[in-house]
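Undergrad: Below is model.txt; it holds compact mmCIF, C-alpha atoms.
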# COMPACT_ATOMS: atom_id res chain seq x y z
CA MET A 1 -18.92 7.81 -16.54
CA ILE A 2 -15.14 8.25 -16.67
CA ASP A 3 -13.92 11.10 -18.87
CA THR A 4 -11.35 9.77 -21.35
CA ARG A 5 -9.48 13.09 -21.27
CA ARG A 6 -8.75 12.39 -17.62
CA LEU A 7 -7.50 8.92 -18.52
CA ARG A 8 -5.00 10.53 -20.90
CA THR A 9 -3.92 12.82 -18.10
CA LEU A 10 -3.45 9.88 -15.74
CA ARG A 11 -1.29 8.10 -18.32
CA ALA A 12 0.83 11.19 -18.89
CA VAL A 13 1.46 11.55 -15.15
CA ALA A 14 2.36 7.85 -14.93
CA ASP A 15 4.81 8.25 -17.83
CA HIS A 16 6.42 11.50 -16.69
CA ARG A 17 6.28 10.93 -12.90
CA THR A 18 5.50 14.58 -12.08
CA VAL A 19 2.45 16.75 -12.59
CA THR A 20 4.61 19.55 -13.99
CA ALA A 21 6.22 17.34 -16.66
CA ALA A 22 2.88 15.80 -17.59
CA ALA A 23 1.34 19.26 -17.91
CA ALA A 24 4.13 20.37 -20.26
CA ALA A 25 3.65 17.27 -22.42
CA LEU A 26 -0.10 17.83 -22.61
CA TYR A 27 0.19 21.60 -23.16
CA LEU A 28 -1.81 22.23 -19.98
CA THR A 29 -1.06 24.09 -16.78
CA PRO A 30 -0.08 22.04 -13.71
CA SER A 31 -3.23 23.36 -12.04
CA ALA A 32 -5.40 22.00 -14.87
CA VAL A 33 -3.71 18.60 -14.62
CA SER A 34 -4.22 18.51 -10.86
CA GLN A 35 -7.89 19.42 -11.27
CA GLN A 36 -8.41 16.63 -13.81
CA LEU A 37 -6.76 14.11 -11.50
CA VAL A 38 -8.88 15.19 -8.54
CA ALA A 39 -12.01 14.87 -10.68
CA LEU A 40 -10.90 11.41 -11.84
CA GLU A 41 -10.37 10.31 -8.23
CA HIS A 42 -13.91 11.48 -7.44
CA GLU A 43 -15.23 9.51 -10.44
CA VAL A 44 -13.62 6.23 -9.33
CA GLY A 45 -13.91 6.84 -5.59
CA HIS A 46 -10.26 6.08 -4.79
CA ARG A 47 -6.92 7.81 -4.51
CA LEU A 48 -4.90 7.28 -7.67
CA LEU A 49 -1.60 8.97 -6.83
CA GLU A 50 0.77 9.21 -3.90
CA ARG A 51 3.95 11.14 -3.27
CA ASP A 52 7.26 9.54 -4.26
CA GLY A 53 10.17 11.82 -3.41
CA ARG A 54 9.82 14.89 -5.58
CA GLY A 55 7.40 13.15 -7.91
CA VAL A 56 4.33 10.97 -7.73
CA ARG A 57 3.51 7.33 -8.38
CA LEU A 58 0.31 5.43 -8.94
CA THR A 59 -1.47 3.71 -6.09
CA SER A 60 -2.64 0.13 -6.52
CA VAL A 61 -6.01 1.38 -7.76
CA GLY A 62 -4.22 3.84 -10.03
CA ARG A 63 -2.25 1.00 -11.64
CA ILE A 64 -5.46 -0.98 -12.17
CA LEU A 65 -7.14 2.00 -13.79
CA LEU A 66 -4.07 2.71 -15.94
CA GLY A 67 -4.27 -0.80 -17.40
CA HIS A 68 -7.88 -0.21 -18.42
CA ALA A 69 -7.00 3.29 -19.64
CA ASN A 70 -4.43 1.85 -22.04
CA GLU A 71 -7.07 -0.48 -23.49
CA VAL A 72 -9.70 2.27 -23.75
CA LEU A 73 -7.32 4.72 -25.42
CA ALA A 74 -6.11 2.06 -27.86
CA GLN A 75 -9.72 1.31 -28.79
CA LEU A 76 -10.35 5.00 -29.38
CA GLU A 77 -7.32 5.09 -31.69
CA ARG A 78 -8.78 2.13 -33.62
CA ALA A 79 -12.16 3.86 -33.82
CA GLY A 80 -10.55 7.00 -35.20
CA ALA A 81 -8.60 4.96 -37.73
CA ASP A 82 -11.73 3.14 -38.92
CA ILE A 83 -13.72 6.37 -39.23
CA ALA A 84 -10.88 8.04 -41.12
CA ALA A 85 -10.68 5.08 -43.48
CA TYR A 86 -14.42 5.28 -44.13
CA THR A 87 -14.83 9.01 -44.52
CA THR A 88 -11.62 10.28 -46.12
CA GLY A 89 -9.11 9.52 -48.78
CA THR A 90 -5.41 9.16 -48.09
CA ALA A 91 -4.56 12.81 -47.60
CA GLY A 92 -3.24 14.69 -44.60
CA GLU A 93 -0.19 15.29 -42.43
CA VAL A 94 1.76 12.70 -40.46
CA LYS A 95 4.40 13.67 -37.88
CA VAL A 96 7.41 11.40 -37.42
CA ALA A 97 10.07 11.65 -34.71
CA SER A 98 13.31 9.83 -35.47
CA PHE A 99 16.99 9.90 -34.53
CA ALA A 100 19.30 11.38 -37.15
CA THR A 101 20.88 8.22 -38.58
CA ALA A 102 17.51 6.57 -39.16
CA ILE A 103 16.21 9.75 -40.81
CA GLY A 104 18.87 9.32 -43.47
CA LEU A 105 18.63 5.54 -43.78
CA VAL A 106 14.89 4.75 -43.68
CA VAL A 107 12.74 7.83 -43.05
CA ALA A 108 13.98 9.88 -46.00
CA PRO A 109 13.66 6.95 -48.45
CA ALA A 110 10.15 6.30 -47.11
CA VAL A 111 9.21 9.94 -47.68
CA GLY A 112 10.50 9.65 -51.24
CA THR A 113 8.37 6.55 -51.80
CA LEU A 114 5.28 8.28 -50.45
CA ARG A 115 5.80 11.30 -52.71
CA ASP A 116 5.48 8.96 -55.68
CA LYS A 117 2.77 6.61 -54.39
CA GLU A 118 0.72 8.74 -52.00
CA PRO A 119 1.29 12.41 -52.85
CA GLY A 120 -1.60 13.44 -50.60
CA ILE A 121 0.32 12.42 -47.48
CA GLN A 122 2.56 15.16 -46.12
CA VAL A 123 5.23 13.90 -43.70
CA ARG A 124 6.74 16.23 -41.12
CA ILE A 125 10.04 15.01 -39.62
CA LEU A 126 11.38 15.90 -36.17
CA ASP A 127 14.90 14.91 -35.09
CA ALA A 128 14.67 13.25 -31.67
CA GLU A 129 16.58 10.55 -29.84
CA GLY A 130 14.85 7.19 -29.40
CA ASP A 131 13.85 7.70 -25.79
CA GLN A 132 12.37 11.12 -26.60
CA SER A 133 10.45 9.97 -29.67
CA LEU A 134 8.55 7.25 -27.81
CA THR A 135 7.38 9.75 -25.21
CA MET A 136 6.35 12.11 -28.01
CA VAL A 137 4.16 9.38 -29.52
CA LEU A 138 2.52 8.56 -26.19
CA ASP A 139 1.88 12.25 -25.51
CA GLY A 140 0.29 12.70 -28.95
CA ALA A 141 2.95 15.18 -30.13
CA VAL A 142 3.81 12.94 -33.11
CA ASP A 143 2.15 10.01 -34.86
CA VAL A 144 5.15 7.74 -35.43
CA ALA A 145 8.44 7.22 -33.62
CA VAL A 146 11.47 5.58 -35.17
CA ALA A 147 13.27 4.50 -32.04
CA VAL A 148 16.01 2.30 -30.64
CA GLU A 149 15.72 -0.57 -28.18
CA TYR A 150 17.38 0.48 -24.94
CA ARG A 151 17.39 -0.36 -21.27
CA GLY A 152 14.19 1.09 -19.84
CA ALA A 153 12.36 1.25 -23.18
CA PRO A 154 8.69 0.16 -23.19
CA ALA A 155 8.54 -3.63 -23.60
CA GLU A 156 7.44 -5.24 -26.85
CA ASP A 157 4.12 -6.20 -25.25
CA ASP A 158 3.48 -2.70 -23.84
CA ARG A 159 -0.26 -2.13 -24.26
CA ARG A 160 0.20 1.54 -25.13
CA LEU A 161 2.20 0.97 -28.32
CA SER A 162 2.29 -1.08 -31.49
CA ARG A 163 5.83 -1.75 -32.70
CA ILE A 164 7.15 -2.66 -36.15
CA PRO A 165 10.75 -3.97 -36.29
CA LEU A 166 12.84 -2.22 -38.96
CA TYR A 167 16.50 -3.21 -38.77
CA SER A 168 19.39 -3.97 -36.45
CA GLU A 169 23.06 -3.12 -36.79
CA PRO A 170 26.21 -4.04 -34.88
CA PHE A 171 28.53 -1.60 -33.14
CA ASP A 172 32.13 -1.21 -34.26
CA VAL A 173 35.07 -0.21 -32.09
CA VAL A 174 36.75 3.04 -33.14
CA LEU A 175 40.41 3.24 -32.16
CA PRO A 176 43.15 5.81 -32.76
CA SER A 177 45.29 4.45 -35.61
CA ASP A 178 48.33 4.12 -33.31
CA HIS A 179 46.42 2.25 -30.58
CA PRO A 180 47.98 -1.07 -29.48
CA LEU A 181 44.76 -2.93 -30.39
CA ALA A 182 44.54 -1.39 -33.86
CA GLN A 183 46.27 -4.31 -35.61
CA GLY A 184 44.14 -7.26 -34.45
CA GLY A 185 40.75 -8.44 -33.34
CA VAL A 186 39.03 -6.65 -30.47
CA ALA A 187 36.65 -7.85 -27.76
CA VAL A 188 34.72 -5.55 -25.46
CA ALA A 189 36.69 -6.87 -22.48
CA ASP A 190 39.93 -5.66 -24.13
CA LEU A 191 38.74 -2.08 -23.68
CA ALA A 192 38.59 -2.14 -19.88
CA GLY A 193 40.64 0.69 -18.43
CA GLU A 194 40.51 2.77 -21.62
CA THR A 195 39.44 6.40 -21.83
CA TRP A 196 36.05 6.47 -23.55
CA ILE A 197 34.26 8.82 -25.92
CA GLY A 198 30.53 8.37 -26.37
CA PRO A 199 26.98 9.69 -26.24
CA TYR A 200 25.55 11.42 -23.21
CA PRO A 201 23.76 9.35 -20.54
CA GLY A 202 20.12 9.02 -21.56
CA ASN A 203 21.00 8.48 -25.21
CA PRO A 204 19.93 4.89 -26.03
CA CYS A 205 23.35 4.17 -27.57
CA HIS A 206 25.01 5.15 -24.30
CA ASP A 207 22.90 2.51 -22.58
CA VAL A 208 23.83 -0.15 -25.17
CA ILE A 209 27.56 0.59 -24.77
CA ALA A 210 27.40 0.70 -20.98
CA LEU A 211 25.47 -2.58 -20.84
CA ALA A 212 27.95 -4.32 -23.18
CA CYS A 213 30.81 -3.18 -20.96
CA GLU A 214 28.98 -4.34 -17.83
CA HIS A 215 28.56 -7.77 -19.39
CA ALA A 216 32.31 -7.75 -20.08
CA GLY A 217 33.01 -7.05 -16.42
CA PHE A 218 33.77 -3.32 -16.25
CA THR A 219 32.21 0.14 -16.24
CA PRO A 220 33.40 2.46 -19.02
CA GLU A 221 34.81 5.84 -17.98
CA PHE A 222 33.45 8.44 -20.41
CA ALA A 223 35.86 11.37 -20.46
CA HIS A 224 34.31 12.99 -23.55
CA SER A 225 30.63 13.12 -24.48
CA SER A 226 28.83 13.92 -27.73
CA ASP A 227 25.64 12.66 -29.35
CA ASN A 228 27.20 13.43 -32.76
CA PHE A 229 29.05 10.33 -33.95
CA SER A 230 31.17 12.35 -36.41
CA ALA A 231 32.47 14.29 -33.41
CA VAL A 232 33.06 11.04 -31.50
CA VAL A 233 35.13 9.64 -34.38
CA ALA A 234 37.08 12.89 -34.75
CA LEU A 235 38.00 12.80 -31.06
CA ALA A 236 39.15 9.20 -31.38
CA GLY A 237 41.26 10.21 -34.39
CA ALA A 238 42.86 12.89 -32.22
CA GLY A 239 43.85 10.24 -29.69
CA ALA A 240 41.37 11.34 -27.03
CA GLY A 241 40.11 7.81 -26.38
CA VAL A 242 38.21 4.84 -27.79
CA ALA A 243 34.57 4.52 -28.79
CA MET A 244 31.91 2.12 -29.97
CA VAL A 245 29.70 3.43 -32.76
CA PRO A 246 26.74 1.89 -34.62
CA ARG A 247 28.09 0.68 -37.95
CA LEU A 248 25.68 2.59 -40.14
CA ALA A 249 26.44 5.83 -38.29
CA LEU A 250 29.97 5.59 -39.72
CA ARG A 251 28.68 6.01 -43.27
CA GLY A 252 30.01 9.24 -44.76
CA THR A 253 32.12 9.96 -41.66
CA ASP A 254 35.73 11.08 -42.01
CA LEU A 255 37.73 8.09 -40.72
CA SER A 256 41.13 9.80 -40.91
CA GLY A 257 43.33 8.80 -38.01
CA VAL A 258 41.15 5.93 -36.78
CA VAL A 259 40.90 2.18 -37.22
CA ILE A 260 37.50 0.47 -37.23
CA ARG A 261 37.26 -3.01 -35.73
CA PRO A 262 34.13 -5.19 -35.46
CA VAL A 263 33.15 -6.34 -31.99
CA ALA A 264 30.77 -9.10 -30.94
CA GLY A 265 27.79 -8.35 -28.73
CA PRO A 266 26.27 -4.86 -28.78
CA GLU A 267 23.78 -3.93 -31.48
CA ARG A 268 21.30 -1.17 -32.18
CA ARG A 269 17.79 -2.52 -32.81
CA VAL A 270 15.55 -0.01 -34.56
CA PHE A 271 11.75 -0.09 -34.73
CA ALA A 272 8.79 2.10 -35.59
CA ALA A 273 6.12 2.69 -32.95
CA VAL A 274 2.62 4.15 -33.00
CA ARG A 275 -0.06 4.41 -30.35
CA ARG A 276 -1.81 1.04 -30.17
CA GLY A 277 -4.79 1.04 -32.50
CA ALA A 278 -3.42 3.82 -34.71
CA GLU A 279 -1.59 1.33 -36.96
CA ARG A 280 -4.90 0.96 -38.85
CA HIS A 281 -5.15 4.66 -39.70
CA PRO A 282 -5.22 5.20 -43.49
CA LEU A 283 -2.52 7.87 -43.29
CA LEU A 284 -0.19 5.65 -41.26
CA ILE A 285 -0.54 2.38 -43.17
CA PRO A 286 1.28 3.68 -46.30
CA LEU A 287 3.98 5.33 -44.19
CA LEU A 288 4.62 2.22 -42.11
CA ASP A 289 4.72 0.14 -45.29
CA ALA A 290 7.23 2.57 -46.82
CA LEU A 291 9.40 2.46 -43.69
CA GLN A 292 9.44 -1.35 -43.83
CA GLU A 293 10.27 -1.26 -47.54
CA ALA A 294 13.22 1.08 -46.87
CA ALA A 295 14.38 -1.10 -43.97
CA THR A 296 14.23 -4.23 -46.14
CA ALA A 297 16.43 -2.55 -48.76
CA LEU A 298 18.84 -1.49 -46.02
CA ARG A 299 19.06 -5.01 -44.58
CA GLN A 300 19.81 -6.41 -48.02
CA ALA A 301 22.65 -3.96 -48.57
CA PRO A 302 26.09 -5.55 -48.02
CA SER A 303 27.21 -3.06 -45.35
CA ILE A 304 25.08 -4.43 -42.48
Do you think you could lay out the structure here as structure tokens?
TA:
Amino acid sequence: MIDTRRLRTLRAVADHRTVTAAAAALYLTPSAVSQQLVALEHEVGHRLLERDGRGVRLTSVGRILLGHANEVLAQLERAGADIAAYTTGTAGEVKVASFATAIGLVVAPAVGTLRDKEPGIQVRILDAEGDQSLTMVLDGAVDVAVAVEYRGAPAEDDRRLSRIPLYSEPFDVVLPSDHPLAQGGVAVADLAGETWIGPYPGNPCHDVIALACEHAGFTPEFAHSSDNFSAVVALAGAGAGVAMVPRLALRGTDLSGVVIRPVAGPERRVFAAVRRGAERHPLLIPLLDALQEAATALRQAPSI
């Protein structure tokens, strides 16, 4: 009989690519993770991992087992949701990881809705970028991620997650007010050769911007980096360079010294994600409904 705790360990190692990182995510010691993996290899009678540079990767048998592990763990999530629905009322704590803009636009309104409709549900919010929040869900650190589609994100048919689309928004070009392109329309290709201001590599928005520039035939040179879009806009206003910023992130930002121009192509697609099977949990159903309600109101607002 395969121990499901060891299946979770295998998935964590597959996600994080090192035993040390997986151990940190699971709040275990590296030694404990290694022992669980050795025991799992004895249970299945095959090697599951092999060295890959400084990390590890799954063997062919390991990949086969991981596919079954995803199905087993999803079924366990569904079982827990069904039992919770049968035995308890809608009361308890739900942890949500979300990036800052979405906290203001959809998470906070959803929390307000729940306070009125489901006062027994306590929501705990953690500020995390989209790539971090998905890992936090898979590791069990949070229940819900509000994340952004980005290059390298789990695919829509990933068997570990259930995804609920929320909203999408275009990016706008932010130019110093005295920039030669400030008076007319702007295409991404027009920005080749410019000095850029933008998020750090690894931030999903950095990936969206870089990919849009690649499609336009150039690689942007980021001279200044900040994950705070107010800081990005301020630097553009000081003449430090140009930027592309998600439109809704410009709300409430001081736009002194800059010109905002729409640009075709890049967009930020936002979704909620839970571990597959957990979408039926009685504590998560009202929260996911409230998030969708807030996203619907946002989409209907004239600013998107």
Undergrad: Calculated over all atoms listed in the file, which of the candidates A:Thr18, A:Val188, A:Glu129, A:Ala264 has the smallest distance to Arg54 in chain A?
TA: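 Residue with the minimum atom-to-atom distance to Arg54 in chain A: A:Thr18.
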Undergrad: When distances are computed from only C-alpha atoms, which of A:Leu298, A:Ala273, A:Leu288, A:Ala12 shows the smallest separation from Leu134 in chain A?
TA: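 Of A:Leu298, A:Ala273, A:Leu288, A:Ala12, the one nearest Leu134 in chain A is A:Ala273, counting only C-alpha atoms.
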Undergrad: Of the candidates A:Lys95, A:Arg151, A:Gly112, A:Ala223, which one gets nearest to Leu126 in chain A if we count all atoms listed in the file?
TA: A:Lys95
Undergrad: Just the residues within 7 Å of Gly237 in chain A, please, counting only C-alpha atoms, with nothing from its chain fewer than 5 positions along; format it as a ChimeraX atom specification.
TA: /A:176,256-258
Undergrad: Identify, on the basis of all atoms listed in the file, every residue whose closest approach to Arg124 in chain A does not exceed 8 Å; exclude the query and any residue fewer than 3 positions from it along the same chain; express the result as a PyMOL selection string.
TA: chain A and resi 93-96
Undergrad: Name the residues in contact with Asp178 in chain A at a cut-off of 12 Å, using only C-alpha atoms, excluding same-chain residues fewer than 3 positions from it; report them as an MDAnalysis selection string.
TA: chainID A and resid 174:175 181:183 236:242 256:259
Undergrad: Would you list the contacts of Ala14 in chain A as a JSON list (two decimals) with C-alpha atoms, in the coordinates of the input, taking every protein, DNA or RNA residue within 7 Å and counting all atoms listed in the file, but skipping same-chain residues closer than 3 positions in sequence?
TA:
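Written file, out.json:
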[["chain", "number", "residue", "atom", "x", "y", "z"],
["A", 10, "LEU", "CA", -3.45, 9.88, -15.74],
["A", 11, "ARG", "CA", -1.29, 8.10, -18.32],
["A", 17, "ARG", "CA", 6.28, 10.93, -12.90],
["A", 57, "ARG", "CA", 3.51, 7.33, -8.38],
["A", 58, "LEU", "CA", 0.31, 5.43, -8.94]]
Undergrad: Do you have the CA of Gly53 in chain A-CA of Leu65 in chain A distance handy?
TA: 22.4 Å
Undergrad: Just the residues within 8 Å of Gly202 in chain A, please, counting only C-alpha atoms, with nothing from its chain fewer than 3 positions along; format it as a PyMOL selection string.
TA: chain A and resi 131+206-207
Undergrad: Write out, as an mmCIF file, in the coordinates of the input, the residues just selected, with C-alpha atoms.
TA:
data_model
loop_
_atom_site.group_PDB
_atom_site.id
_atom_site.type_symbol
_atom_site.label_atom_id
_atom_site.label_comp_id
_atom_site.auth_asym_id
_atom_site.auth_seq_id
_atom_site.Cartn_x
_atom_site.Cartn_y
_atom_site.Cartn_z
ATOM 1 C CA ASP A 131 13.850 7.700 -25.790
ATOM 2 C CA HIS A 206 25.010 5.150 -24.300
ATOM 3 C CA ASP A 207 22.900 2.510 -22.580
#
Undergrad: Out of A:Pro286, A:Gly55, A:Pro302, A:Pro201, which residue has the shortest atom-to-atom distance to Val123 in chain A when counting all atoms listed in the file?
TA: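 Residue with the minimum atom-to-atom distance to Val123 in chain A: A:Pro286.
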Undergrad: Nearest residue to Asp227 in chain A out of A:His281, A:Arg160, A:Ala128, A:His215, using only C-alpha atoms?
TA: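 Closest residue, counting only C-alpha atoms: A:Ala128.
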